[in-house]
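structure36.tsv, holding TSV, C-alpha atoms and all ligand atoms:
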chain	number	residue	atom	x	y	z
X	937	MET	CA	-49.32	-80.37	64.23
X	938	LYS	CA	-51.85	-77.65	65.08
X	939	ASN	CA	-51.09	-77.63	68.82
X	940	LEU	CA	-47.39	-77.17	68.15
X	941	ARG	CA	-48.03	-73.63	66.89
X	942	ASN	CA	-48.73	-72.56	70.47
X	943	ASP	CA	-45.12	-73.33	71.33
X	944	PHE	CA	-43.93	-70.58	68.98
X	945	PRO	CA	-44.73	-67.16	70.51
X	946	ILE	CA	-43.74	-65.26	67.37
X	947	LEU	CA	-46.52	-66.92	65.39
X	948	GLN	CA	-49.01	-64.79	67.37
X	949	GLU	CA	-47.46	-61.61	65.92
X	950	LYS	CA	-49.21	-59.38	63.41
X	951	VAL	CA	-47.81	-57.46	60.44
X	952	ASN	CA	-49.79	-54.41	59.27
X	953	GLY	CA	-52.73	-55.87	61.19
X	954	HIS	CA	-52.44	-59.25	59.38
X	955	PRO	CA	-51.46	-62.46	61.15
X	956	LEU	CA	-47.85	-63.35	60.49
X	957	ILE	CA	-47.47	-66.13	57.93
X	958	TYR	CA	-43.90	-67.32	58.13
X	959	PHE	CA	-42.83	-69.12	54.96
X	960	ASP	CA	-39.11	-68.42	55.37
X	961	SER	CA	-38.00	-71.27	57.61
X	962	GLY	CA	-35.50	-72.32	54.94
X	963	ALA	CA	-33.58	-69.15	55.82
X	964	THR	CA	-34.06	-69.54	59.56
X	965	SER	CA	-36.73	-71.36	61.54
X	966	GLN	CA	-38.68	-69.89	64.43
X	967	ARG	CA	-37.86	-70.93	68.01
X	968	PRO	CA	-40.23	-72.69	70.41
X	969	ILE	CA	-40.71	-71.30	73.91
X	970	GLN	CA	-38.84	-74.32	75.31
X	971	VAL	CA	-35.63	-73.18	73.54
X	972	ILE	CA	-36.13	-69.52	74.43
X	973	GLU	CA	-36.66	-70.39	78.10
X	974	LYS	CA	-33.65	-72.71	78.20
X	975	ILE	CA	-31.35	-69.92	77.02
X	976	SER	CA	-32.89	-67.50	79.49
X	977	GLU	CA	-32.52	-70.06	82.28
X	978	PHE	CA	-28.88	-70.61	81.43
X	979	TYR	CA	-28.04	-66.90	81.62
X	980	SER	CA	-30.22	-66.37	84.71
X	981	ARG	CA	-29.09	-69.36	86.75
X	982	PHE	CA	-26.00	-71.10	85.39
X	983	ASN	CA	-23.91	-68.68	83.32
X	984	SER	CA	-20.22	-69.49	83.48
X	985	ASN	CA	-17.38	-70.40	81.14
X	986	ILE	CA	-16.80	-74.11	80.51
X	987	HIS	CA	-13.87	-76.55	80.64
X	988	ARG	CA	-11.77	-74.07	82.67
X	989	SER	CA	-12.65	-73.46	86.28
X	990	VAL	CA	-13.51	-76.04	88.90
X	991	HIS	CA	-16.16	-74.00	90.69
X	992	ALA	CA	-19.73	-75.23	90.86
X	993	PHE	CA	-21.08	-72.95	88.14
X	994	SER	CA	-18.42	-73.87	85.64
X	995	GLU	CA	-18.96	-77.55	86.31
X	996	GLN	CA	-22.69	-77.14	85.85
X	997	ALA	CA	-22.25	-75.18	82.59
X	998	THR	CA	-19.70	-77.70	81.30
X	999	GLY	CA	-22.13	-80.51	82.09
X	1000	MET	CA	-24.94	-78.79	80.18
X	1001	TYR	CA	-22.66	-78.09	77.19
X	1002	GLU	CA	-21.38	-81.67	77.01
X	1003	GLU	CA	-24.89	-83.03	77.49
X	1004	ALA	CA	-25.89	-81.08	74.36
X	1005	ARG	CA	-23.03	-82.76	72.49
X	1006	GLN	CA	-24.39	-86.17	73.51
X	1007	LYS	CA	-27.87	-85.14	72.32
X	1008	VAL	CA	-26.51	-84.12	68.92
X	1009	ALA	CA	-24.51	-87.36	68.63
X	1010	ASP	CA	-27.64	-89.43	69.37
X	1011	PHE	CA	-29.77	-87.25	67.07
X	1012	ILE	CA	-27.62	-87.96	64.00
X	1013	GLY	CA	-26.54	-91.49	64.93
X	1014	ALA	CA	-22.84	-90.72	65.54
X	1015	GLN	CA	-20.59	-93.42	67.06
X	1016	ASP	CA	-19.70	-91.16	69.97
X	1017	THR	CA	-19.48	-87.56	71.12
X	1018	SER	CA	-15.92	-87.05	69.86
X	1019	GLU	CA	-17.40	-86.90	66.35
X	1020	ILE	CA	-19.48	-83.80	67.14
X	1021	ILE	CA	-17.73	-80.44	66.77
X	1022	PHE	CA	-19.59	-77.25	67.57
X	1023	THR	CA	-19.08	-74.44	65.06
X	1024	ARG	CA	-20.92	-71.22	64.24
X	1025	GLY	CA	-23.01	-72.87	61.51
X	1026	THR	CA	-22.95	-74.76	58.24
X	1027	THR	CA	-20.77	-72.14	56.54
X	1028	GLU	CA	-18.11	-72.39	59.21
X	1029	SER	CA	-18.33	-76.20	59.28
X	1030	LEU	CA	-17.70	-76.43	55.52
X	1031	ASN	CA	-14.88	-73.87	55.66
X	1032	PHE	CA	-13.46	-75.92	58.53
X	1033	VAL	CA	-13.16	-79.05	56.36
X	1034	ALA	CA	-11.75	-77.02	53.47
X	1035	ALA	CA	-9.11	-75.34	55.64
X	1036	THR	CA	-8.08	-78.50	57.49
X	1037	TRP	CA	-8.53	-81.93	55.92
X	1038	ALA	CA	-8.81	-80.69	52.34
X	1039	ARG	CA	-5.87	-78.25	52.47
X	1040	LYS	CA	-3.70	-80.99	53.89
X	1041	HIS	CA	-4.70	-83.93	51.70
X	1042	ILE	CA	-5.69	-82.51	48.33
X	1043	LYS	CA	-2.75	-82.36	45.96
X	1044	ALA	CA	-2.04	-80.87	42.52
X	1045	GLY	CA	-3.93	-82.80	39.84
X	1046	ASP	CA	-6.58	-84.12	42.26
X	1047	GLU	CA	-10.28	-83.53	41.65
X	1048	ILE	CA	-13.04	-82.23	43.90
X	1049	LEU	CA	-16.58	-83.07	42.85
X	1050	VAL	CA	-19.60	-80.96	43.78
X	1051	THR	CA	-23.08	-80.53	42.27
X	1052	GLU	CA	-24.38	-77.70	40.11
X	1053	MET	CA	-26.88	-76.73	42.80
X	1054	GLU	CA	-24.67	-75.99	45.78
X	1055	HIS	CA	-25.19	-73.07	48.14
X	1056	HIS	CA	-22.19	-70.72	47.99
X	1057	ALA	CA	-21.13	-72.15	51.37
X	1058	ASN	CA	-20.55	-75.54	49.74
X	1059	LEU	CA	-18.94	-74.18	46.59
X	1060	ILE	CA	-16.58	-71.30	47.32
X	1061	PRO	CA	-14.49	-73.13	49.99
X	1062	TRP	CA	-13.79	-75.89	47.40
X	1063	GLN	CA	-13.01	-73.33	44.69
X	1064	GLN	CA	-10.43	-71.89	47.06
X	1065	VAL	CA	-8.89	-75.27	47.92
X	1066	ALA	CA	-8.76	-76.22	44.24
X	1067	ARG	CA	-7.05	-72.94	43.36
X	1068	GLN	CA	-4.55	-73.04	46.21
X	1069	ASN	CA	-3.67	-76.74	45.96
X	1070	GLY	CA	-3.68	-76.99	42.15
X	1071	ALA	CA	-6.69	-79.31	42.05
X	1072	SER	CA	-9.70	-79.02	39.76
X	1073	LEU	CA	-13.38	-78.73	40.49
X	1074	LYS	CA	-15.95	-80.89	38.68
X	1075	PHE	CA	-19.73	-80.77	38.77
X	1076	ILE	CA	-22.53	-83.32	38.85
X	1077	PRO	CA	-25.03	-81.69	36.49
X	1078	ILE	CA	-28.71	-81.11	37.14
X	1079	LEU	CA	-31.40	-82.26	34.74
X	1080	PRO	CA	-33.98	-79.83	33.28
X	1081	ASP	CA	-36.50	-80.79	36.00
X	1082	GLY	CA	-34.04	-79.80	38.74
X	1083	SER	CA	-33.11	-83.32	39.84
X	1084	LEU	CA	-29.50	-84.47	39.92
X	1085	ASP	CA	-28.16	-86.39	36.93
X	1086	MET	CA	-26.96	-89.45	38.81
X	1087	SER	CA	-26.25	-91.28	35.55
X	1088	GLN	CA	-23.06	-89.19	35.25
X	1089	LEU	CA	-21.76	-90.25	38.65
X	1090	SER	CA	-19.62	-93.23	37.63
X	1091	THR	CA	-17.81	-91.23	34.94
X	1092	LEU	CA	-17.36	-88.14	37.11
X	1093	ILE	CA	-15.86	-90.04	40.03
X	1094	THR	CA	-12.40	-91.19	38.97
X	1095	ASP	CA	-9.12	-92.24	40.57
X	1096	LYS	CA	-8.27	-88.54	40.76
X	1097	THR	CA	-11.31	-87.71	42.89
X	1098	LYS	CA	-10.25	-86.98	46.47
X	1099	LEU	CA	-13.32	-85.23	47.81
X	1100	VAL	CA	-17.02	-85.12	46.97
X	1101	ALA	CA	-19.04	-82.30	48.56
X	1102	VAL	CA	-22.80	-82.45	48.07
X	1103	THR	CA	-25.90	-80.89	49.46
X	1104	HIS	CA	-28.39	-83.29	51.04
X	1105	ALA	CA	-31.30	-81.07	49.95
X	1106	SER	CA	-31.08	-78.02	47.68
X	1107	ASN	CA	-32.06	-74.72	49.28
X	1108	VAL	CA	-33.31	-73.43	45.91
X	1109	LEU	CA	-34.89	-76.37	44.11
X	1110	GLY	CA	-35.69	-78.55	47.11
X	1111	THR	CA	-34.06	-81.49	45.29
X	1112	HIS	CA	-33.15	-84.39	47.58
X	1113	VAL	CA	-29.80	-85.99	46.86
X	1114	ASP	CA	-29.06	-89.70	47.25
X	1115	VAL	CA	-26.03	-89.19	49.50
X	1116	GLU	CA	-25.76	-92.89	50.34
X	1117	LYS	CA	-25.22	-93.78	46.69
X	1118	ILE	CA	-22.70	-90.97	46.15
X	1119	ALA	CA	-20.82	-91.99	49.32
X	1120	LYS	CA	-20.59	-95.57	48.06
X	1121	GLU	CA	-19.13	-94.45	44.71
X	1122	ALA	CA	-16.76	-91.96	46.37
X	1123	HIS	CA	-15.44	-94.55	48.80
X	1124	LYS	CA	-14.75	-97.04	45.98
X	1125	VAL	CA	-11.95	-94.71	44.78
X	1126	GLY	CA	-10.87	-93.76	48.31
X	1127	ALA	CA	-12.41	-90.26	48.16
X	1128	LYS	CA	-14.02	-88.60	51.19
X	1129	ILE	CA	-17.54	-87.21	51.17
X	1130	VAL	CA	-18.77	-83.99	52.81
X	1131	VAL	CA	-22.53	-83.48	53.21
X	1132	ASP	CA	-24.21	-80.10	53.52
X	1133	ALA	CA	-27.24	-81.00	55.64
X	1134	ALA	CA	-28.39	-77.42	56.31
X	1135	GLN	CA	-31.71	-77.98	54.54
X	1136	SER	CA	-32.26	-81.61	55.54
X	1137	SER	CA	-31.50	-81.63	59.27
X	1138	PRO	CA	-34.69	-79.68	60.20
X	1139	HIS	CA	-36.96	-81.99	58.19
X	1140	GLN	CA	-35.71	-85.56	58.19
X	1141	LYS	CA	-33.97	-88.03	60.44
X	1142	LEU	CA	-30.25	-87.97	59.80
X	1143	ASP	CA	-28.19	-91.10	60.25
X	1144	VAL	CA	-24.51	-90.53	59.58
X	1145	LYS	CA	-23.77	-94.26	59.76
X	1146	LYS	CA	-26.38	-95.04	57.12
X	1147	LEU	CA	-25.28	-92.15	54.92
X	1148	ASP	CA	-21.70	-93.29	55.50
X	1149	CYS	CA	-20.47	-89.72	55.13
X	1150	ASP	CA	-17.05	-88.58	56.32
X	1151	PHE	CA	-18.07	-85.03	57.23
X	1152	LEU	CA	-21.54	-83.56	57.68
X	1153	ALA	CA	-22.48	-79.95	58.40
X	1154	PHE	CA	-25.66	-78.26	59.62
X	1155	SER	CA	-26.87	-75.10	61.36
X	1156	GLY	CA	-28.79	-74.86	64.63
X	1157	HIS	CA	-30.83	-71.83	63.58
X	1158	LYS	CA	-32.61	-73.68	60.78
X	1159	MET	CA	-33.81	-76.34	63.23
X	1160	LEU	CA	-35.36	-74.40	66.11
X	1161	ALA	CA	-32.08	-73.57	67.88
X	1162	PRO	CA	-30.36	-70.20	68.31
X	1163	THR	CA	-28.16	-68.52	65.70
X	1164	GLY	CA	-24.39	-68.75	66.22
X	1165	VAL	CA	-24.21	-72.53	66.64
X	1166	GLY	CA	-23.76	-75.26	64.09
X	1167	VAL	CA	-22.36	-78.75	63.93
X	1168	LEU	CA	-19.57	-80.43	62.07
X	1169	TYR	CA	-19.63	-84.21	62.24
X	1170	ILE	CA	-16.20	-85.72	61.57
X	1171	LYS	CA	-16.00	-89.50	61.30
X	1172	LYS	CA	-13.80	-90.84	64.08
X	1173	GLU	CA	-11.38	-92.56	61.71
X	1174	LEU	CA	-10.43	-89.13	60.29
X	1175	HIS	CA	-9.67	-87.35	63.57
X	1176	ASP	CA	-5.93	-87.96	63.43
X	1177	GLU	CA	-5.52	-86.91	59.81
X	1178	THR	CA	-7.57	-83.72	60.29
X	1179	PRO	CA	-5.51	-80.84	61.68
X	1180	PRO	CA	-7.03	-78.24	64.05
X	1181	PHE	CA	-8.96	-75.38	62.45
X	1182	HIS	CA	-8.20	-72.63	64.96
X	1183	TYR	CA	-5.46	-72.46	67.55
X	1184	GLY	CA	-5.60	-71.05	71.09
X	1185	GLY	CA	-7.02	-71.84	74.49
X	1186	GLY	CA	-9.02	-74.95	75.22
X	1187	MET	CA	-7.64	-77.14	72.42
X	1188	VAL	CA	-4.11	-77.73	73.70
X	1189	PHE	CA	-2.46	-80.52	75.62
X	1190	GLU	CA	0.90	-78.90	76.28
X	1191	VAL	CA	2.32	-75.56	75.15
X	1192	GLY	CA	5.91	-74.31	75.09
X	1193	TYR	CA	7.28	-71.03	73.74
X	1194	ASP	CA	8.18	-72.70	70.46
X	1195	LYS	CA	5.64	-75.49	70.04
X	1196	ALA	CA	2.38	-76.96	71.22
X	1197	SER	CA	0.47	-80.25	71.16
X	1198	TRP	CA	-3.26	-80.85	70.96
X	1199	GLN	CA	-5.99	-82.48	72.95
X	1200	VAL	CA	-7.95	-85.34	71.42
X	1201	ALA	CA	-11.19	-84.73	69.47
X	1202	PRO	CA	-13.56	-83.02	69.89
X	1203	TYR	CA	-11.53	-80.55	72.02
X	1204	LYS	CA	-8.70	-80.39	69.49
X	1205	PHE	CA	-11.23	-78.88	67.07
X	1206	GLU	CA	-12.80	-76.31	69.42
X	1207	SER	CA	-10.61	-73.44	70.57
X	1208	GLY	CA	-11.55	-70.35	72.56
X	1209	THR	CA	-14.78	-69.83	74.46
X	1210	PRO	CA	-17.54	-71.46	72.45
X	1211	ALA	CA	-21.16	-70.32	72.04
X	1212	ILE	CA	-22.16	-71.94	75.33
X	1213	ALA	CA	-25.75	-70.72	75.67
X	1214	GLN	CA	-26.41	-71.39	71.98
X	1215	VAL	CA	-25.09	-74.96	72.23
X	1216	ILE	CA	-27.34	-75.53	75.25
X	1217	GLY	CA	-30.17	-74.01	73.19
X	1218	LEU	CA	-29.40	-76.50	70.42
X	1219	GLY	CA	-29.69	-79.27	73.01
X	1220	ALA	CA	-33.13	-77.92	73.95
X	1221	ALA	CA	-34.14	-77.82	70.27
X	1222	ILE	CA	-33.17	-81.48	69.94
X	1223	ASP	CA	-35.20	-82.28	73.07
X	1224	TYR	CA	-38.11	-80.56	71.34
X	1225	TYR	CA	-37.70	-82.68	68.21
X	1226	ASN	CA	-37.39	-85.84	70.31
X	1227	ASP	CA	-40.42	-85.04	72.48
X	1228	LYS	CA	-42.80	-83.58	69.92
X	1229	ILE	CA	-41.82	-84.31	66.33
X	1230	ASN	CA	-42.20	-87.55	64.47
X	1231	PHE	CA	-39.98	-86.89	61.46
X	1232	GLU	CA	-41.94	-89.16	59.13
X	1233	GLU	CA	-45.23	-87.45	59.96
X	1234	ALA	CA	-43.71	-83.96	59.87
X	1235	GLN	CA	-42.12	-84.59	56.49
X	1236	LYS	CA	-45.38	-85.90	55.10
X	1237	TYR	CA	-47.25	-82.89	56.47
X	1238	GLU	CA	-44.71	-80.41	55.06
X	1239	ALA	CA	-44.86	-82.19	51.69
X	1240	GLN	CA	-48.66	-81.80	51.73
X	1241	LEU	CA	-48.26	-78.05	52.28
X	1242	THR	CA	-45.69	-77.99	49.48
X	1243	ALA	CA	-48.02	-79.89	47.12
X	1244	GLN	CA	-50.87	-77.53	47.99
X	1245	ALA	CA	-48.67	-74.50	47.22
X	1246	ILE	CA	-47.41	-76.08	43.97
X	1247	ASP	CA	-50.94	-76.88	42.80
X	1248	GLY	CA	-52.13	-73.37	43.69
X	1249	LEU	CA	-49.21	-71.65	42.00
X	1250	SER	CA	-49.49	-73.89	38.92
X	1251	SER	CA	-53.07	-72.73	38.43
X	1252	LEU	CA	-51.88	-69.12	38.04
X	1253	GLU	CA	-50.91	-67.87	34.62
X	1254	GLY	CA	-47.33	-66.67	34.24
X	1255	VAL	CA	-46.01	-68.46	37.33
X	1256	LYS	CA	-43.18	-70.90	36.72
X	1257	ILE	CA	-42.08	-73.35	39.39
X	1258	LEU	CA	-38.43	-74.37	39.61
X	1259	GLY	CA	-37.43	-77.77	40.95
X	1260	PRO	CA	-38.53	-81.41	40.70
X	1261	VAL	CA	-42.24	-80.93	41.32
X	1262	GLU	CA	-43.20	-84.60	41.71
X	1263	GLN	CA	-40.44	-85.22	44.27
X	1264	LEU	CA	-41.30	-82.03	46.16
X	1265	LYS	CA	-44.92	-83.14	46.46
X	1266	LYS	CA	-43.73	-86.39	48.03
X	1267	ASN	CA	-41.07	-85.18	50.48
X	1268	GLY	CA	-40.30	-81.49	49.90
X	1269	HIS	CA	-40.47	-78.53	52.24
X	1270	LEU	CA	-40.17	-75.63	49.81
X	1271	VAL	CA	-41.27	-74.26	46.48
X	1272	THR	CA	-39.35	-71.70	44.44
X	1273	PHE	CA	-40.96	-69.80	41.58
X	1274	VAL	CA	-40.79	-66.85	39.23
X	1275	VAL	CA	-43.61	-64.64	37.99
X	1276	ASP	CA	-43.58	-63.40	34.41
X	1277	GLY	CA	-42.90	-59.67	34.24
X	1278	ILE	CA	-42.70	-59.12	38.03
X	1279	HIS	CA	-39.35	-59.06	39.81
X	1280	SER	CA	-39.10	-61.53	42.68
X	1281	HIS	CA	-38.32	-58.72	45.13
X	1282	ASP	CA	-41.58	-57.04	44.16
X	1283	VAL	CA	-43.51	-60.29	44.62
X	1284	SER	CA	-41.96	-60.84	48.04
X	1285	ALA	CA	-42.50	-57.20	49.09
X	1286	TYR	CA	-46.14	-57.40	47.95
X	1287	LEU	CA	-46.73	-60.54	50.04
X	1288	SER	CA	-44.99	-58.92	52.99
X	1289	ASN	CA	-47.62	-56.14	53.03
X	1290	PHE	CA	-50.08	-58.86	54.06
X	1291	GLY	CA	-47.83	-60.38	56.72
X	1292	LEU	CA	-46.43	-63.18	54.56
X	1293	CYS	CA	-42.67	-63.77	54.74
X	1294	THR	CA	-40.94	-65.38	51.74
X	1295	ARG	CA	-37.38	-65.16	50.48
X	1296	ALA	CA	-36.48	-63.46	47.19
X	1297	GLY	CA	-33.18	-63.31	45.33
X	1298	HIS	CA	-30.54	-65.75	44.12
X	1299	HIS	CA	-30.66	-67.70	47.41
X	1300	CYS	CA	-26.85	-67.76	47.74
X	1301	ALA	CA	-26.58	-69.94	44.65
X	1302	GLN	CA	-25.68	-67.56	41.83
X	1303	PRO	CA	-24.20	-70.16	39.44
X	1304	LEU	CA	-27.40	-72.21	39.74
X	1305	ALA	CA	-29.56	-69.12	39.16
X	1306	LYS	CA	-27.55	-68.36	36.02
X	1307	LYS	CA	-27.86	-71.94	34.83
X	1308	LEU	CA	-31.63	-71.83	35.35
X	1309	GLY	CA	-31.77	-68.49	33.54
X	1310	VAL	CA	-33.61	-66.88	36.43
X	1311	ILE	CA	-31.32	-64.53	38.29
X	1312	SER	CA	-33.88	-63.98	41.00
X	1313	SER	CA	-36.78	-66.09	42.30
X	1314	VAL	CA	-39.20	-66.32	45.23
X	1315	ARG	CA	-38.98	-69.17	47.74
X	1316	ALA	CA	-41.73	-70.21	50.13
X	1317	SER	CA	-40.37	-72.70	52.66
X	1318	PHE	CA	-42.47	-74.59	55.15
X	1319	MET	CA	-42.13	-76.08	58.60
X	1320	PHE	CA	-44.43	-78.27	60.66
X	1321	TYR	CA	-45.88	-75.12	62.32
X	1322	ASN	CA	-47.38	-73.85	59.05
X	1323	THR	CA	-50.97	-74.65	58.08
X	1324	PRO	CA	-53.05	-75.38	54.94
X	1325	GLN	CA	-55.06	-72.20	55.72
X	1326	GLU	CA	-51.83	-70.20	55.44
X	1327	VAL	CA	-51.10	-71.78	52.07
X	1328	ASP	CA	-54.65	-70.89	50.92
X	1329	ALA	CA	-54.07	-67.29	52.03
X	1330	PHE	CA	-50.76	-67.25	50.11
X	1331	ILE	CA	-52.40	-68.45	46.89
X	1332	ALA	CA	-55.24	-65.93	47.32
X	1333	MET	CA	-52.66	-63.13	47.69
X	1334	MET	CA	-50.84	-64.33	44.58
X	1335	LYS	CA	-54.13	-64.34	42.65
X	1336	ASP	CA	-54.89	-60.77	43.77
X	1337	MET	CA	-51.39	-59.64	42.86
X	1338	LYS	CA	-51.80	-61.04	39.36
X	1339	LEU	CA	-55.12	-59.16	38.82
R	1401	LIG	C1	-28.04	-75.67	51.66
R	1401	LIG	C2	-27.41	-74.63	52.53
R	1401	LIG	N1	-26.10	-74.70	52.79
R	1401	LIG	C3	-25.48	-73.82	53.58
R	1401	LIG	C4	-26.17	-72.77	54.15
R	1401	LIG	C5	-25.44	-71.82	55.03
R	1401	LIG	O1	-25.92	-71.91	56.33
R	1401	LIG	P1	-25.48	-70.85	57.44
R	1401	LIG	O2	-25.81	-69.50	56.87
R	1401	LIG	O3	-26.33	-71.20	58.61
R	1401	LIG	O4	-24.04	-71.03	57.69
R	1401	LIG	C6	-27.54	-72.64	53.90
R	1401	LIG	C7	-28.28	-71.50	54.45
R	1401	LIG	O5	-29.24	-71.03	53.88
R	1401	LIG	C8	-28.17	-73.59	53.07
R	1401	LIG	O6	-29.48	-73.52	52.82
Please rewrite the model in this file as C-alpha cells.
Amino acid sequence: MKNLRNDFPILQEKVNGHPLIYFDSGATSQRPIQVIEKISEFYSRFNSNIHRSVHAFSEQATGMYEEARQKVADFIGAQDTSEIIFTRGTTESLNFVAATWARKHIKAGDEILVTEMEHHANLIPWQQVARQNGASLKFIPILPDGSLDMSQLSTLITDKTKLVAVTHASNVLGTHVDVEKIAKEAHKVGAKIVVDAAQSSPHQKLDVKKLDCDFLAFSGHKMLAPTGVGVLYIKKELHDETPPFHYGGGMVFEVGYDKASWQVAPYKFESGTPAIAQVIGLGAAIDYYNDKINFEEAQKYEAQLTAQAIDGLSSLEGVKILGPVEQLKKNGHLVTFVVDGIHSHDVSAYLSNFGLCTRAGHHCAQPLAKKLGVISSVRASFMFYNTPQEVDAFIAMMKDMKL
C-alpha cells in the first residue's frame, strides 16, 4: 500500500508546516495522478461533445465516454452497459429513482422501508414520495451498538411494502448492511430494493447480481474519480417501467410539436450534455482500482487502520466511539466519536492545526444523530493511502488535546 501514496500528489502537501494527514475520504477521496492526467489529456487532446456530431473528435470523445460505461458495468457486475446511467452523484441517483420509478408505481397506502441510519440523500427523497403519493415510511431500527436490527425485517416487510431503500454502509457508524438478505425478503413480497453504495463502492467489490438489487447508486468522487459524476444502476428488467428523469436533447427518438418518444436505455435516462470529462475520469479511476487495488487486501488494511484508531481512542478518557466496534475492526473504514465536554467542531479544528483532516457535524444524518443523542460528532475515515504512522500521530494529537 505504501507505494500507492506516491500516486496521490496532494499527499505531499503541508498544512501549517505539518504533513497533510487526510482522514476525510468518506466525504471525498483524493485523486491519483492517473485520473488527473486523464482529465487533462481529454481537455488538451480530445475535447468535444458526444453522441451528436460525426467529426473525428466527437467520435473519439463518444468512444471514450462509452468505454467508461463499459468499465463501470464490468466493475459492478452489471448484465450490460444499458444498466449504467451517469448522474451527478449518489444524491442525484437516489432522487432519480424517487422522481421516476417511485413516483409512478407507489400508490396511496403503500409502504416504503428505509433504515434509521440513512444519509439525508437516502431519506428525504422517500419522505417526499411518501407525502406526495399518500404512502407511509417505515424504519428498520438500529441496535444500541449501531448495527441494524435484522430480526425486525420479516415483520417490517409486508404485502404493502413497495420499495426498500437501504445504505450498504453507514457514513456515520460504518455499519455494513446485509443487502442480499434484505433484497431476498423485499422480493418475496414483490417490492423493489434501492441500495445507497456511496460508502461501500470505494472499499469493497460490488456485485449487483449477487446483491440482487433493483437500483444502486454511488458517487465517483468518493472513489478516486472527479466530482460531478455518479452512477445509477437500473436493473434491465425495470427499464420499460421507469420513466425518464429529465427531458431534452440526447434522450429522444422522435419529437413533434405536441409529443415525443424516447430512445432505449441508457440514453433514455441521460438528457443534455453530460459530464464528459468526469465520466472519462471515472473510467480512469476504475482502471486504477483494477490495476492497483486488490479489494480484499485494501479492505483488510483499512480495517487495521480503523482498529488501531479505535484502540487508541478507547484508551483516552472521555472519548466515546459510535458504531459497531467489533465489525468496524474486521471490515470498517471509519470511526466516529465524541469527546466529553469538547464540541466536535473544536476537536476537528484542533486537529486541523496539525494538518489532520477529519469531518465534524451531523454527517448529513440528523435523525440518526438525534437518536444517538449526539447532535455532532467527529469522523475519521480511511483509505488505502493512509498509514499506521498517521493513525499514531492522530492518537498522539488527541492525547495532547485532552491534556
Ligand atoms: C451514505 C451516503 N449516501 C449518500 C451520500 C451523498 O453523496 P453525494 O454527496 O456524492 O451525492 C453520501 C455522501 O457523503 C453518503 O456518505
Dump the neighbourhood of ligand LIG 1401 (chain R) as a ChimeraX atom specification: all residues within 6 Å, distances computed on all atoms listed in the file. /X:963,1025-1027,1055,1057,1106-1107,1132,1134-1135,1155
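Among the candidates X:Ala1243, X:Ala1329, X:Val1100, X:Val1065, the one nearest to His954 in chain X when counting all atoms listed in the file is X:Ala1329.
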Please, what distance in Å, to one decimal, runs between CA of Gly1045 in chain X and CA of Gly1070 in chain X?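 Between CA of Gly1045 in chain X and CA of Gly1070 in chain X the gap is 6.3 Å.
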For a quick check of understanding, using only C-alpha atoms, which of X:Lys1124, X:Asn1058, X:Gly1309, X:Ser961 has the smallest distance to Glu1028 in chain X?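 Of X:Lys1124, X:Asn1058, X:Gly1309, X:Ser961, the one nearest Glu1028 in chain X, counting only C-alpha atoms, is X:Asn1058.
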Using all atoms listed in the file, tabulate the residues of range 1092-1194 of chain X lying at most 12 Å from any atom of range 975-978 of chain X, each with its closest atom pair and that distance in Å to one decimal, by chain and increasing residue number, as JSON lines.
{"residue": "X:Ala1161", "atom": "CA", "partner": "X:Ile975", "partner_atom": "CA", "distance": 9.9}
{"residue": "X:Pro1162", "atom": "CA", "partner": "X:Ile975", "partner_atom": "CA", "distance": 8.8}
{"residue": "X:Thr1163", "atom": "CA", "partner": "X:Ile975", "partner_atom": "CA", "distance": 11.8}
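When only C-alpha atoms are used to measure the gap to Ala1201 in chain X, the shortest distance among X:His1157, X:Phe1022, X:Phe1330, X:Val1131 belongs to X:Phe1022.
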Near Val1327 in chain X, within 8 Å and counting all atoms listed in the file, which residues show up once chain neighbours fewer than 6 positions away are dropped, as an MDAnalysis selection string? chainID X and resid 1241 1244:1245
Using CA of Gly1184 in chain X and CA of Leu1030 in chain X as the two end points, give the distance in Å to one decimal.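 Between CA of Gly1184 in chain X and CA of Leu1030 in chain X the gap works out to 20.4 Å.
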Out of X:His1123, X:Arg941, X:Lys1307, X:Lys1335, which residue has the shortest atom-to-atom distance to Leu1079 in chain X when counting all atoms listed in the file? X:Lys1307
Any chance you could build range 1128-1136 of chain X out to N, CA and C atoms and write it as an mmCIF file, in the coordinates of the input?
data_model
loop_
_atom_site.group_PDB
_atom_site.id
_atom_site.type_symbol
_atom_site.label_atom_id
_atom_site.label_comp_id
_atom_site.auth_asym_id
_atom_site.auth_seq_id
_atom_site.Cartn_x
_atom_site.Cartn_y
_atom_site.Cartn_z
ATOM 1 N N LYS X 1128 -13.196 -88.911 50.008
ATOM 2 C CA LYS X 1128 -14.020 -88.600 51.190
ATOM 3 C C LYS X 1128 -15.262 -87.841 50.723
ATOM 4 N N ILE X 1129 -16.314 -87.925 51.535
ATOM 5 C CA ILE X 1129 -17.540 -87.210 51.170
ATOM 6 C C ILE X 1129 -17.992 -86.271 52.293
ATOM 7 N N VAL X 1130 -18.285 -85.042 51.896
ATOM 8 C CA VAL X 1130 -18.770 -83.990 52.810
ATOM 9 C C VAL X 1130 -20.241 -83.744 52.461
ATOM 10 N N VAL X 1131 -21.101 -83.713 53.471
ATOM 11 C CA VAL X 1131 -22.530 -83.480 53.210
ATOM 12 C C VAL X 1131 -22.972 -82.168 53.841
ATOM 13 N N ASP X 1132 -23.605 -81.331 53.028
ATOM 14 C CA ASP X 1132 -24.210 -80.100 53.520
ATOM 15 C C ASP X 1132 -25.660 -80.435 53.877
ATOM 16 N N ALA X 1133 -25.903 -80.581 55.180
ATOM 17 C CA ALA X 1133 -27.240 -81.000 55.640
ATOM 18 C C ALA X 1133 -28.053 -79.825 56.188
ATOM 19 N N ALA X 1134 -27.690 -78.598 55.770
ATOM 20 C CA ALA X 1134 -28.390 -77.420 56.310
ATOM 21 C C ALA X 1134 -29.884 -77.480 56.059
ATOM 22 N N GLN X 1135 -30.280 -77.974 54.871
ATOM 23 C CA GLN X 1135 -31.710 -77.980 54.540
ATOM 24 C C GLN X 1135 -32.390 -79.310 54.869
ATOM 25 N N SER X 1136 -31.614 -80.331 55.212
ATOM 26 C CA SER X 1136 -32.260 -81.610 55.540
ATOM 27 C C SER X 1136 -32.415 -81.812 57.034
#
